[in-house]
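For reference, query_14.pdb is printed below; it contains PDB, C-alpha atoms.
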ATOM      1  CA  MET P 217      93.424 291.332  17.777
ATOM      2  CA  HIS P 218      89.746 291.584  18.703
ATOM      3  CA  THR P 219      90.592 293.111  22.075
ATOM      4  CA  ALA P 220      92.852 295.729  20.458
ATOM      5  CA  LEU P 221      90.113 296.662  17.992
ATOM      6  CA  TYR P 222      87.614 296.930  20.839
ATOM      7  CA  ALA P 223      89.972 299.186  22.846
ATOM      8  CA  ALA P 224      90.709 301.406  19.822
ATOM      9  CA  THR P 225      87.001 301.794  19.049
ATOM     10  CA  ARG P 226      86.174 302.748  22.614
ATOM     11  CA  THR P 227      89.063 305.241  22.741
ATOM     12  CA  LEU P 228      87.906 306.941  19.538
ATOM     13  CA  ARG P 229      84.400 307.137  20.963
ATOM     14  CA  ALA P 230      85.724 308.839  24.101
ATOM     15  CA  VAL P 231      87.593 311.396  21.982
ATOM     16  CA  PHE P 232      84.441 312.028  19.963
ATOM     17  CA  VAL P 233      82.417 312.626  23.151
ATOM     18  CA  VAL P 234      84.823 315.323  24.334
ATOM     19  CA  TRP P 235      84.928 316.971  20.882
ATOM     20  CA  ALA P 236      81.141 316.880  20.577
ATOM     21  CA  ALA P 237      80.723 318.417  24.040
ATOM     22  CA  PHE P 238      83.136 321.218  23.106
ATOM     23  CA  THR P 239      81.446 321.888  19.768
ATOM     24  CA  LEU P 240      77.850 321.783  20.970
ATOM     25  CA  THR P 241      78.657 323.996  23.951
ATOM     26  CA  PHE P 242      80.457 326.506  21.737
ATOM     27  CA  VAL P 243      77.499 326.762  19.368
ATOM     28  CA  ALA P 244      74.851 326.835  22.127
ATOM     29  CA  LEU P 245      76.612 329.595  24.054
ATOM     30  CA  ARG P 246      76.928 331.758  20.936
ATOM     31  CA  LEU P 247      73.202 331.400  20.299
ATOM     32  CA  LEU P 248      72.258 332.746  23.723
ATOM     33  CA  PRO P 249      70.550 336.149  23.737
ATOM     34  CA  GLY P 250      72.533 339.065  25.056
ATOM     35  CA  ASP P 251      76.006 340.446  24.499
ATOM     36  CA  PRO P 252      78.743 338.922  26.696
ATOM     37  CA  VAL P 253      81.038 341.872  26.036
ATOM     38  CA  ALA P 254      78.383 344.307  27.260
ATOM     39  CA  LEU P 255      77.853 342.149  30.348
ATOM     40  CA  MET P 256      81.588 342.086  30.978
ATOM     41  CA  LEU P 257      81.949 345.846  30.693
ATOM     42  CA  SER P 258      78.870 346.527  32.828
ATOM     43  CA  GLY P 259      80.178 344.146  35.448
ATOM     44  CA  ARG P 260      83.392 346.141  35.587
ATOM     45  CA  GLY P 261      81.408 349.362  35.899
ATOM     46  CA  GLY P 262      82.521 350.968  32.685
ATOM     47  CA  PHE P 263      79.943 350.155  30.072
ATOM     48  CA  ALA P 264      77.838 353.296  30.533
ATOM     49  CA  GLU P 265      80.835 355.589  30.017
ATOM     50  CA  LEU P 266      82.165 353.839  26.903
ATOM     51  CA  THR P 267      81.391 354.969  23.379
ATOM     52  CA  PRO P 268      80.134 352.467  20.767
ATOM     53  CA  GLN P 269      83.576 352.634  19.156
ATOM     54  CA  GLN P 270      85.259 351.634  22.428
ATOM     55  CA  VAL P 271      82.787 348.766  22.904
ATOM     56  CA  ALA P 272      83.513 347.596  19.365
ATOM     57  CA  GLN P 273      87.237 347.797  20.113
ATOM     58  CA  ALA P 274      86.763 345.644  23.236
ATOM     59  CA  ARG P 275      84.761 343.149  21.196
ATOM     60  CA  ALA P 276      87.540 343.024  18.599
ATOM     61  CA  GLU P 277      90.217 342.518  21.259
ATOM     62  CA  LEU P 278      88.270 339.535  22.607
ATOM     63  CA  GLY P 279      87.777 338.119  19.122
ATOM     64  CA  PHE P 280      83.979 338.354  19.097
ATOM     65  CA  ASP P 281      84.019 340.351  15.872
ATOM     66  CA  ARG P 282      85.432 337.451  13.848
ATOM     67  CA  PRO P 283      83.281 334.951  11.926
ATOM     68  CA  LEU P 284      81.880 332.168  14.090
ATOM     69  CA  ILE P 285      83.845 329.437  12.310
ATOM     70  CA  VAL P 286      87.090 331.353  12.885
ATOM     71  CA  GLN P 287      86.260 331.769  16.576
ATOM     72  CA  TYR P 288      85.535 328.033  16.802
ATOM     73  CA  GLY P 289      88.773 327.012  15.080
ATOM     74  CA  SER P 290      90.832 329.304  17.294
ATOM     75  CA  ALA P 291      89.110 328.111  20.486
ATOM     76  CA  LEU P 292      89.517 324.451  19.511
ATOM     77  CA  ALA P 293      93.206 324.904  18.686
ATOM     78  CA  ASP P 294      93.809 326.658  22.005
ATOM     79  CA  ALA P 295      91.907 323.951  23.915
ATOM     80  CA  LEU P 296      94.046 321.237  22.320
ATOM     81  CA  HIS P 297      97.059 323.037  23.781
ATOM     82  CA  GLY P 298      95.467 323.288  27.225
ATOM     83  CA  ASP P 299      94.437 326.927  26.894
ATOM     84  CA  LEU P 300      90.746 327.355  27.751
ATOM     85  CA  GLY P 301      90.828 331.142  27.468
ATOM     86  CA  ALA P 302      90.295 333.815  30.108
ATOM     87  CA  SER P 303      87.243 334.740  32.114
ATOM     88  CA  LEU P 304      85.354 337.717  30.709
ATOM     89  CA  GLN P 305      84.456 338.840  34.232
ATOM     90  CA  THR P 306      87.715 338.446  36.153
ATOM     91  CA  GLY P 307      90.336 338.139  33.426
ATOM     92  CA  GLN P 308      91.764 335.050  35.121
ATOM     93  CA  PRO P 309      92.791 332.041  33.013
ATOM     94  CA  VAL P 310      89.917 329.576  32.927
ATOM     95  CA  SER P 311      92.288 326.647  33.424
ATOM     96  CA  ARG P 312      93.512 328.175  36.684
ATOM     97  CA  MET P 313      89.976 328.851  37.900
ATOM     98  CA  ILE P 314      89.012 325.233  37.204
ATOM     99  CA  THR P 315      92.201 323.924  38.812
ATOM    100  CA  ASP P 316      91.430 325.895  41.968
ATOM    101  CA  ALA P 317      87.782 324.822  42.029
ATOM    102  CA  LEU P 318      88.327 321.159  41.170
ATOM    103  CA  PRO P 319      89.732 319.769  44.478
ATOM    104  CA  PRO P 320      86.638 320.495  46.656
ATOM    105  CA  THR P 321      84.309 319.090  43.983
ATOM    106  CA  PHE P 322      86.572 316.080  43.416
ATOM    107  CA  GLN P 323      86.611 315.379  47.152
ATOM    108  CA  VAL P 324      82.829 315.421  47.462
ATOM    109  CA  GLY P 325      82.256 313.638  44.143
ATOM    110  CA  THR P 326      84.701 310.820  44.893
ATOM    111  CA  LEU P 327      83.173 310.134  48.298
ATOM    112  CA  ALA P 328      79.670 310.336  46.813
ATOM    113  CA  LEU P 329      80.593 307.845  44.080
ATOM    114  CA  LEU P 330      82.091 305.403  46.588
ATOM    115  CA  LEU P 331      79.024 305.682  48.814
ATOM    116  CA  ALA P 332      76.652 305.260  45.864
ATOM    117  CA  LEU P 333      78.436 302.151  44.607
ATOM    118  CA  THR P 334      78.736 300.622  48.079
ATOM    119  CA  LEU P 335      75.162 301.291  49.202
ATOM    120  CA  GLY P 336      73.699 300.425  45.811
ATOM    121  CA  THR P 337      75.590 297.134  45.628
ATOM    122  CA  LEU P 338      74.620 296.160  49.163
ATOM    123  CA  LEU P 339      70.965 296.939  48.508
ATOM    124  CA  GLY P 340      70.902 295.144  45.156
ATOM    125  CA  VAL P 341      72.582 292.058  46.625
ATOM    126  CA  ALA P 342      70.391 292.042  49.727
ATOM    127  CA  ALA P 343      67.219 292.187  47.611
ATOM    128  CA  ASN P 344      68.295 289.012  45.797
ATOM    129  CA  LEU P 345      69.865 287.255  48.777
ATOM    130  CA  THR P 346      66.924 287.342  51.158
ATOM    131  CA  THR P 347      64.422 284.508  51.089
ATOM    132  CA  SER P 348      61.607 286.590  52.592
ATOM    133  CA  PRO P 349      59.183 287.730  49.843
ATOM    134  CA  LEU P 350      58.034 290.699  51.935
ATOM    135  CA  LEU P 351      61.563 291.906  52.669
ATOM    136  CA  ARG P 352      62.592 291.330  49.045
ATOM    137  CA  GLN P 353      59.721 293.472  47.806
ATOM    138  CA  LEU P 354      60.553 296.193  50.320
ATOM    139  CA  LEU P 355      64.216 296.266  49.306
ATOM    140  CA  ARG P 356      63.283 296.407  45.625
ATOM    141  CA  SER P 357      60.897 299.299  46.260
ATOM    142  CA  LEU P 358      63.388 301.507  48.121
ATOM    143  CA  PRO P 359      65.456 302.491  45.033
ATOM    144  CA  SER P 360      62.371 303.709  43.172
ATOM    145  CA  VAL P 361      61.545 306.009  46.071
ATOM    146  CA  ALA P 362      65.108 307.303  46.461
ATOM    147  CA  VAL P 363      65.543 308.037  42.738
ATOM    148  CA  SER P 364      62.505 310.319  42.782
ATOM    149  CA  LEU P 365      63.850 312.499  45.622
ATOM    150  CA  PRO P 366      65.202 315.899  44.470
ATOM    151  CA  SER P 367      68.809 316.469  45.518
ATOM    152  CA  PHE P 368      68.140 319.877  47.046
ATOM    153  CA  TRP P 369      65.339 318.387  49.201
ATOM    154  CA  VAL P 370      67.596 315.548  50.382
ATOM    155  CA  GLY P 371      70.276 318.086  51.264
ATOM    156  CA  LEU P 372      67.875 320.275  53.222
ATOM    157  CA  VAL P 373      66.533 317.269  55.161
ATOM    158  CA  LEU P 374      70.048 316.126  56.039
ATOM    159  CA  ILE P 375      70.953 319.650  57.188
ATOM    160  CA  GLN P 376      67.790 319.897  59.278
ATOM    161  CA  PHE P 377      68.359 316.662  61.187
ATOM    162  CA  LEU P 378      72.090 315.939  61.158
ATOM    163  CA  SER P 379      73.232 319.532  61.504
ATOM    164  CA  PHE P 380      70.586 321.749  63.115
ATOM    165  CA  ARG P 381      68.863 319.198  65.335
ATOM    166  CA  TRP P 382      71.536 316.650  66.245
ATOM    167  CA  HIS P 383      74.687 318.758  65.544
ATOM    168  CA  VAL P 384      76.570 315.825  64.029
ATOM    169  CA  PHE P 385      77.976 317.524  60.919
ATOM    170  CA  PRO P 386      78.478 321.175  59.896
ATOM    171  CA  SER P 387      75.776 322.518  57.632
ATOM    172  CA  LEU P 388      77.737 324.941  55.436
ATOM    173  CA  GLY P 389      81.174 325.706  54.115
ATOM    174  CA  ASP P 390      84.379 323.763  53.596
ATOM    175  CA  SER P 391      85.886 323.250  57.042
ATOM    176  CA  GLY P 392      87.446 319.802  56.748
ATOM    177  CA  PHE P 393      86.349 316.241  56.132
ATOM    178  CA  ASP P 394      83.260 316.573  58.364
ATOM    179  CA  SER P 395      81.859 319.198  56.032
ATOM    180  CA  VAL P 396      82.141 316.777  53.090
ATOM    181  CA  ILE P 397      79.858 314.096  54.568
ATOM    182  CA  LEU P 398      76.455 315.736  54.083
ATOM    183  CA  PRO P 399      77.088 316.975  50.514
ATOM    184  CA  ALA P 400      78.471 313.555  49.563
ATOM    185  CA  CYS P 401      75.454 311.769  51.049
ATOM    186  CA  THR P 402      73.125 314.160  49.232
ATOM    187  CA  MET P 403      74.733 313.287  45.905
ATOM    188  CA  ALA P 404      75.095 309.577  46.729
ATOM    189  CA  ILE P 405      71.499 308.715  47.609
ATOM    190  CA  PRO P 406      70.000 308.996  44.089
ATOM    191  CA  GLY P 407      73.091 307.324  42.616
ATOM    192  CA  ALA P 408      72.911 304.439  45.073
ATOM    193  CA  ALA P 409      69.259 303.942  44.209
ATOM    194  CA  LEU P 410      70.074 303.756  40.498
ATOM    195  CA  VAL P 411      72.870 301.238  41.063
ATOM    196  CA  ALA P 412      70.592 299.142  43.282
ATOM    197  CA  GLN P 413      67.839 299.165  40.656
ATOM    198  CA  VAL P 414      70.081 298.074  37.794
ATOM    199  CA  LEU P 415      72.188 295.604  39.759
ATOM    200  CA  GLY P 416      69.155 294.096  41.503
ATOM    201  CA  LYS P 417      67.318 293.552  38.230
ATOM    202  CA  SER P 418      70.445 292.222  36.526
ATOM    203  CA  LEU P 419      71.114 289.787  39.373
ATOM    204  CA  HIS P 420      67.512 288.598  39.305
ATOM    205  CA  THR P 421      67.742 287.939  35.548
ATOM    206  CA  THR P 422      71.150 286.285  35.865
ATOM    207  CA  LEU P 423      69.943 283.912  38.588
ATOM    208  CA  GLN P 424      67.215 282.701  36.229
ATOM    209  CA  GLU P 425      69.722 281.624  33.565
ATOM    210  CA  PRO P 426      70.111 277.890  32.815
ATOM    211  CA  TYR P 427      73.644 277.810  34.231
ATOM    212  CA  ALA P 428      72.223 278.825  37.605
ATOM    213  CA  ASP P 429      70.151 275.639  37.701
ATOM    214  CA  THR P 430      73.298 273.665  36.960
ATOM    215  CA  VAL P 431      75.121 275.339  39.843
ATOM    216  CA  ARG P 432      72.191 274.691  42.168
ATOM    217  CA  ALA P 433      72.233 271.030  41.134
ATOM    218  CA  THR P 434      75.770 270.764  42.536
ATOM    219  CA  GLY P 435      74.384 271.655  45.964
ATOM    220  CA  ALA P 436      75.373 275.338  45.975
ATOM    221  CA  GLY P 437      73.271 277.592  48.173
ATOM    222  CA  ARG P 438      71.803 280.963  47.223
ATOM    223  CA  ALA P 439      74.717 282.918  48.691
ATOM    224  CA  ARG P 440      77.356 280.829  46.895
ATOM    225  CA  LEU P 441      75.470 281.116  43.608
ATOM    226  CA  LEU P 442      75.076 284.853  43.968
ATOM    227  CA  PHE P 443      78.620 285.732  45.081
ATOM    228  CA  GLY P 444      80.431 283.007  43.149
ATOM    229  CA  HIS P 445      78.697 283.423  39.808
ATOM    230  CA  GLY P 446      75.851 285.958  39.768
ATOM    231  CA  LEU P 447      77.741 289.128  40.686
ATOM    232  CA  ARG P 448      80.365 288.819  37.985
ATOM    233  CA  ASN P 449      77.815 288.028  35.292
ATOM    234  CA  ALA P 450      75.580 290.908  36.378
ATOM    235  CA  ALA P 451      78.419 293.398  36.753
ATOM    236  CA  ILE P 452      78.449 294.926  33.254
ATOM    237  CA  PRO P 453      75.101 296.805  33.522
ATOM    238  CA  ALA P 454      76.058 298.031  36.994
ATOM    239  CA  ALA P 455      79.480 299.162  35.754
ATOM    240  CA  THR P 456      77.794 301.085  32.941
ATOM    241  CA  VAL P 457      75.600 302.860  35.473
ATOM    242  CA  ALA P 458      78.694 303.691  37.548
ATOM    243  CA  GLY P 459      80.154 305.467  34.523
ATOM    244  CA  MET P 460      76.949 307.403  33.998
ATOM    245  CA  LEU P 461      77.001 308.460  37.647
ATOM    246  CA  VAL P 462      80.168 310.459  37.043
ATOM    247  CA  GLY P 463      78.289 312.789  34.708
ATOM    248  CA  SER P 464      75.326 313.114  37.051
ATOM    249  CA  LEU P 465      77.585 313.835  40.036
ATOM    250  CA  ILE P 466      79.303 316.662  38.156
ATOM    251  CA  GLY P 467      75.917 318.117  37.243
ATOM    252  CA  GLY P 468      74.626 317.611  40.780
ATOM    253  CA  ALA P 469      77.572 319.570  42.170
ATOM    254  CA  VAL P 470      75.899 322.807  41.051
ATOM    255  CA  VAL P 471      72.880 322.159  43.269
ATOM    256  CA  VAL P 472      74.763 320.611  46.184
ATOM    257  CA  GLU P 473      77.467 323.255  46.393
ATOM    258  CA  THR P 474      74.789 325.942  46.333
ATOM    259  CA  VAL P 475      72.752 324.293  49.095
ATOM    260  CA  PHE P 476      75.810 323.734  51.298
ATOM    261  CA  SER P 477      77.596 326.995  50.342
ATOM    262  CA  ARG P 478      80.720 325.132  49.279
ATOM    263  CA  PRO P 479      83.388 326.270  46.820
ATOM    264  CA  GLY P 480      83.928 324.166  43.734
ATOM    265  CA  MET P 481      83.034 323.585  40.118
ATOM    266  CA  GLY P 482      79.326 323.993  40.795
ATOM    267  CA  ARG P 483      79.742 327.453  42.235
ATOM    268  CA  ILE P 484      81.907 328.808  39.409
ATOM    269  CA  THR P 485      79.502 327.262  36.898
ATOM    270  CA  GLN P 486      76.552 329.007  38.513
ATOM    271  CA  SER P 487      78.383 332.346  38.545
ATOM    272  CA  ALA P 488      79.584 331.945  34.964
ATOM    273  CA  VAL P 489      76.135 331.093  33.642
ATOM    274  CA  SER P 490      74.589 334.067  35.458
ATOM    275  CA  ALA P 491      77.209 336.433  34.045
ATOM    276  CA  GLN P 492      77.241 334.746  30.592
ATOM    277  CA  ASP P 493      80.970 334.205  31.016
ATOM    278  CA  LEU P 494      81.370 332.049  27.904
ATOM    279  CA  PRO P 495      84.982 330.866  28.320
ATOM    280  CA  VAL P 496      84.348 329.660  31.883
ATOM    281  CA  VAL P 497      81.166 327.808  30.964
ATOM    282  CA  GLN P 498      82.927 326.281  27.958
ATOM    283  CA  GLY P 499      85.878 325.208  30.092
ATOM    284  CA  VAL P 500      83.713 323.622  32.786
ATOM    285  CA  VAL P 501      81.733 321.642  30.209
ATOM    286  CA  VAL P 502      84.900 320.407  28.498
ATOM    287  CA  VAL P 503      86.494 319.312  31.764
ATOM    288  CA  ALA P 504      83.279 317.572  32.842
ATOM    289  CA  ALA P 505      83.028 315.815  29.470
ATOM    290  CA  LEU P 506      86.679 314.791  29.694
ATOM    291  CA  ALA P 507      86.172 313.282  33.155
ATOM    292  CA  PHE P 508      83.038 311.475  31.993
ATOM    293  CA  ALA P 509      84.765 310.145  28.855
ATOM    294  CA  VAL P 510      87.874 308.939  30.698
ATOM    295  CA  VAL P 511      85.920 307.132  33.415
ATOM    296  CA  ASN P 512      83.624 305.478  30.882
ATOM    297  CA  LEU P 513      86.605 304.503  28.748
ATOM    298  CA  LEU P 514      88.200 302.780  31.737
ATOM    299  CA  ILE P 515      84.939 300.963  32.415
ATOM    300  CA  ASP P 516      84.663 299.940  28.755
ATOM    301  CA  LEU P 517      88.210 298.571  28.871
ATOM    302  CA  MET P 518      87.254 296.572  31.960
ATOM    303  CA  TYR P 519      84.409 294.771  30.158
ATOM    304  CA  PRO P 520      86.637 292.148  28.473
ATOM    305  CA  VAL P 521      87.826 291.115  31.938
ATOM    306  CA  LEU P 522      84.237 290.630  33.089
ATOM    307  CA  ASP P 523      82.955 288.977  29.915
ATOM    308  CA  PRO P 524      85.284 286.657  27.920
ATOM    309  CA  ARG P 525      82.913 286.886  24.930
ATOM    310  CA  ILE P 526      84.138 290.436  24.341
ATOM    311  CA  ARG P 527      87.733 289.208  24.094
ATOM    312  CA  ALA P 528      86.594 286.644  21.525
ATOM    313  CA  THR P 529      84.428 288.908  19.359
ATOM    314  CA  GLY P 530      85.837 292.394  19.941
ATOM    315  CA  ARG P 531      82.414 293.831  20.710
ATOM    316  CA  LEU P 532      80.033 294.082  23.637
ATOM    317  CA  VAL P 533      77.674 291.105  23.823
ATOM    318  CA  THR P 534      74.256 292.102  25.120
ATOM    319  CA  ALA P 535      72.477 288.794  24.951
TER     320      ALA P 535
END
What would you get if you wrote out this structure as structure tokens?
Amino acid sequence: MHTALYAATRTLRAVFVVWAAFTLTFVALRLLPGDPVALMLSGRGGFAELTPQQVAQARAELGFDRPLIVQYGSALADALHGDLGASLQTGQPVSRMITDALPPTFQVGTLALLLALTLGTLLGVAANLTTSPLLRQLLRSLPSVAVSLPSFWVGLVLIQFLSFRWHVFPSLGDSGFDSVILPACTMAIPGAALVAQVLGKSLHTTLQEPYADTVRATGAGRARLLFGHGLRNAAIPAATVAGMLVGSLIGGAVVVETVFSRPGMGRITQSAVSAQDLPVVQGVVVVAALAFAVVNLLIDLMYPVLDPRIRATGRLVTA
């Protein structure tokens, strides 16, 4: 009963996140200065020749002459049926544009997430496993340095050394799996640092709990205590960070795909924002929010497996 209530609450929260992202994006885009219809017509080379009446007719055909609440209701109803509208610049369905752009971004993002989780976990565990105070301090300091590095700078450094100087990986484009490595590493480094910070601190706190003294009294070594008991008990904060990484990776795709000249969600987002292509921007935000909400929902549903107290109480226990 408690577990079902917990799952239902988390599912409703995920739905609310997607709805809120849609609503806030809709309102924010309508408040931007400028006229998207004028930008659309000028981009197609016909705005200067059109009369005000023809511009008004184009605005009416696109629905921009209706009250804002009517536009919102219509857009929300269409989105619930999978229709995200059409691009103002190209006329293509937004859902098709996103479907075409999603695979390259998904490929880089998935590899980046796996690298971030793997490297971050290894670093967080190593910082708590070593018995050398100097090495422990060094390992705990590395994440703070990596988190502060801008993604575009990391990407340029990787291109300079691994592409231009040592010719290990291609620097630009989408020419196979080799071309995914550098963008994925660029996105993974800050994420790995964040995971290492949270997991390392959580492990350190967990190993100071009274139960840890009991385990040590049975003759268990540091490695057995850490892998047999500490990791599971410290996993919830790290899992939460993993869910947050999904959102940051989607946002980071804009920078990374620009630096590495790759196709994907980041590139169409950049183009849509520059052209004030409202349906495309709206669609990208909704899809990103949906991915973030689904991943975090799955992580939330995993918590009762990691912490039996959640199964007993139906809520997340933080202390």
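Shortest atom-to-atom contact with Leu442 in chain P among P:Gln424, P:Ser477, P:Ser348, P:Asn512: P:Gln424, counting all atoms listed in the file.
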Shell of 7 Å around range 443-457 of chain P, only C-alpha atoms, local chain residues under 3 positions omitted, as a PDB file with C-alpha atoms, keeping the file's coordinate frame:
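Dumped everything to out.pdb:
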ATOM      1  CA  VAL P 411      72.870 301.238  41.063  1.00  0.00           C
ATOM      2  CA  VAL P 414      70.081 298.074  37.794  1.00  0.00           C
ATOM      3  CA  LEU P 415      72.188 295.604  39.759  1.00  0.00           C
ATOM      4  CA  SER P 418      70.445 292.222  36.526  1.00  0.00           C
ATOM      5  CA  LEU P 419      71.114 289.787  39.373  1.00  0.00           C
ATOM      6  CA  THR P 422      71.150 286.285  35.865  1.00  0.00           C
ATOM      7  CA  LEU P 423      69.943 283.912  38.588  1.00  0.00           C
ATOM      8  CA  ALA P 439      74.717 282.918  48.691  1.00  0.00           C
ATOM      9  CA  ARG P 440      77.356 280.829  46.895  1.00  0.00           C
ATOM     10  CA  MET P 460      76.949 307.403  33.998  1.00  0.00           C
ATOM     11  CA  LEU P 461      77.001 308.460  37.647  1.00  0.00           C
ATOM     12  CA  ILE P 515      84.939 300.963  32.415  1.00  0.00           C
ATOM     13  CA  TYR P 519      84.409 294.771  30.158  1.00  0.00           C
ATOM     14  CA  LEU P 522      84.237 290.630  33.089  1.00  0.00           C
TER      15      LEU P 522
END
Per-residue nearest contacts range 288-394 of chain P to range 234-256 of chain P, cut-off 12 Å, using all atoms listed in the file, as CSV:
residue,atom,partner,partner_atom,distance
P:Tyr288,CA,P:Phe242,CA,7.2
P:Gly289,CA,P:Thr239,CA,10.1
P:Ser290,CA,P:Phe242,CA,11.6
P:Ala291,CA,P:Phe242,CA,8.9
P:Leu292,CA,P:Phe238,CA,8.0
P:Ala293,CA,P:Phe238,CA,11.6
P:Ala295,CA,P:Phe238,CA,9.2
P:Leu296,CA,P:Trp235,CA,10.2
P:Leu300,CA,P:Phe238,CA,10.8
P:Ser303,CA,P:Met256,CA,9.3
P:Leu304,CA,P:Met256,CA,5.8
P:Gln305,CA,P:Met256,CA,5.4
P:Thr306,CA,P:Met256,CA,8.8
P:Gly307,CA,P:Met256,CA,9.9
Enclose the full set of atoms of range 232-238 of chain P listed in the file within a box whose edges lie along x, y and z, apply 4 Å of padding to each of the six sides, and report centre and edge lengths in Å to one decimal as AutoDock Vina command-line options.
--center_x 82.8 --center_y 316.6 --center_z 22.1 --size_x 12.2 --size_y 17.2 --size_z 12.4
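Each of P:Gln413, P:Val521, P:Ala328, P:Leu318 was compared to Val500 in chain P using all atoms listed in the file, and P:Leu318 turns out to be the nearest.
You will find CA of Pro399 in chain P at 9.7 Å from CA of Ser367 in chain P.
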From CA of Ile405 in chain P to CA of Ala342 in chain P the spacing works out at 16.8 Å
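Nearest residue to Leu374 in chain P among P:Ser395, P:Thr219, P:Ser360, P:Thr402 is P:Thr402, counting all atoms listed in the file.
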Which one is closest to Phe385 in chain P: P:Leu398, P:Pro309, P:Val373, P:Leu365? Count all atoms listed in the file.
-> P:Leu398
What is the CA of Gly459 in chain P to CA of Val511 in chain P distance in Å?
-> 6.1 Å
Could you list the residues chosen by the PyMOL selection byres ((chain P and resi 370) around 12) in this structure as number ranges by chain?
-> P: 362-369, 371-378, 398-406, 471-472, 475-476
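The residues that lie within 10 Å of the point (67.0, 294.6, 49.2), counting only C-alpha atoms, are P:Gly336, P:Thr337, P:Leu338, P:Leu339, P:Gly340, P:Val341, P:Ala342, P:Ala343, P:Asn344, P:Leu345, P:Thr346, P:Leu351, P:Arg352, P:Gln353, P:Leu354, P:Leu355, P:Arg356, P:Ser357, P:Leu358, P:Pro359, P:Ala412, P:Gln413, P:Gly416.
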Residue completion, range 480-492 of chain P, N, CA, C and O atoms, as a compact mmCIF listing (two decimals), in the coordinates of the input:
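New file rebuild_35.txt:
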# COMPACT_ATOMS: atom_id res chain seq x y z
N GLY P 480 83.75 325.29 44.64
CA GLY P 480 83.93 324.17 43.73
C GLY P 480 83.44 324.48 42.34
O GLY P 480 83.09 325.61 41.99
N MET P 481 83.43 323.44 41.52
CA MET P 481 83.03 323.58 40.12
C MET P 481 81.59 324.07 39.98
O MET P 481 81.26 324.84 39.08
N GLY P 482 80.73 323.59 40.86
CA GLY P 482 79.33 323.99 40.80
C GLY P 482 79.14 325.48 41.00
O GLY P 482 78.34 326.12 40.31
N ARG P 483 79.88 326.03 41.94
CA ARG P 483 79.74 327.45 42.24
C ARG P 483 80.25 328.32 41.09
O ARG P 483 79.62 329.32 40.72
N ILE P 484 81.41 327.98 40.51
CA ILE P 484 81.91 328.81 39.41
C ILE P 484 81.03 328.64 38.17
O ILE P 484 80.89 329.57 37.38
N THR P 485 80.42 327.46 38.02
CA THR P 485 79.50 327.26 36.90
C THR P 485 78.28 328.15 37.05
O THR P 485 77.83 328.79 36.10
N GLN P 486 77.73 328.17 38.25
CA GLN P 486 76.55 329.01 38.51
C GLN P 486 76.87 330.48 38.25
O GLN P 486 76.09 331.19 37.60
N SER P 487 78.00 330.94 38.74
CA SER P 487 78.38 332.35 38.54
C SER P 487 78.63 332.65 37.07
O SER P 487 78.23 333.70 36.56
N ALA P 488 79.27 331.71 36.37
CA ALA P 488 79.58 331.94 34.96
C ALA P 488 78.33 331.97 34.11
O ALA P 488 78.21 332.79 33.19
N VAL P 489 77.38 331.10 34.40
CA VAL P 489 76.14 331.09 33.64
C VAL P 489 75.36 332.38 33.88
O VAL P 489 74.81 332.98 32.95
N SER P 490 75.31 332.83 35.14
CA SER P 490 74.59 334.07 35.46
C SER P 490 75.19 335.28 34.75
O SER P 490 74.47 336.16 34.31
N ALA P 491 76.52 335.29 34.66
CA ALA P 491 77.21 336.43 34.04
C ALA P 491 77.45 336.24 32.56
O ALA P 491 78.05 337.10 31.92
N GLN P 492 77.01 335.09 32.00
CA GLN P 492 77.24 334.75 30.59
C GLN P 492 78.73 334.83 30.28
O GLN P 492 79.15 335.37 29.24
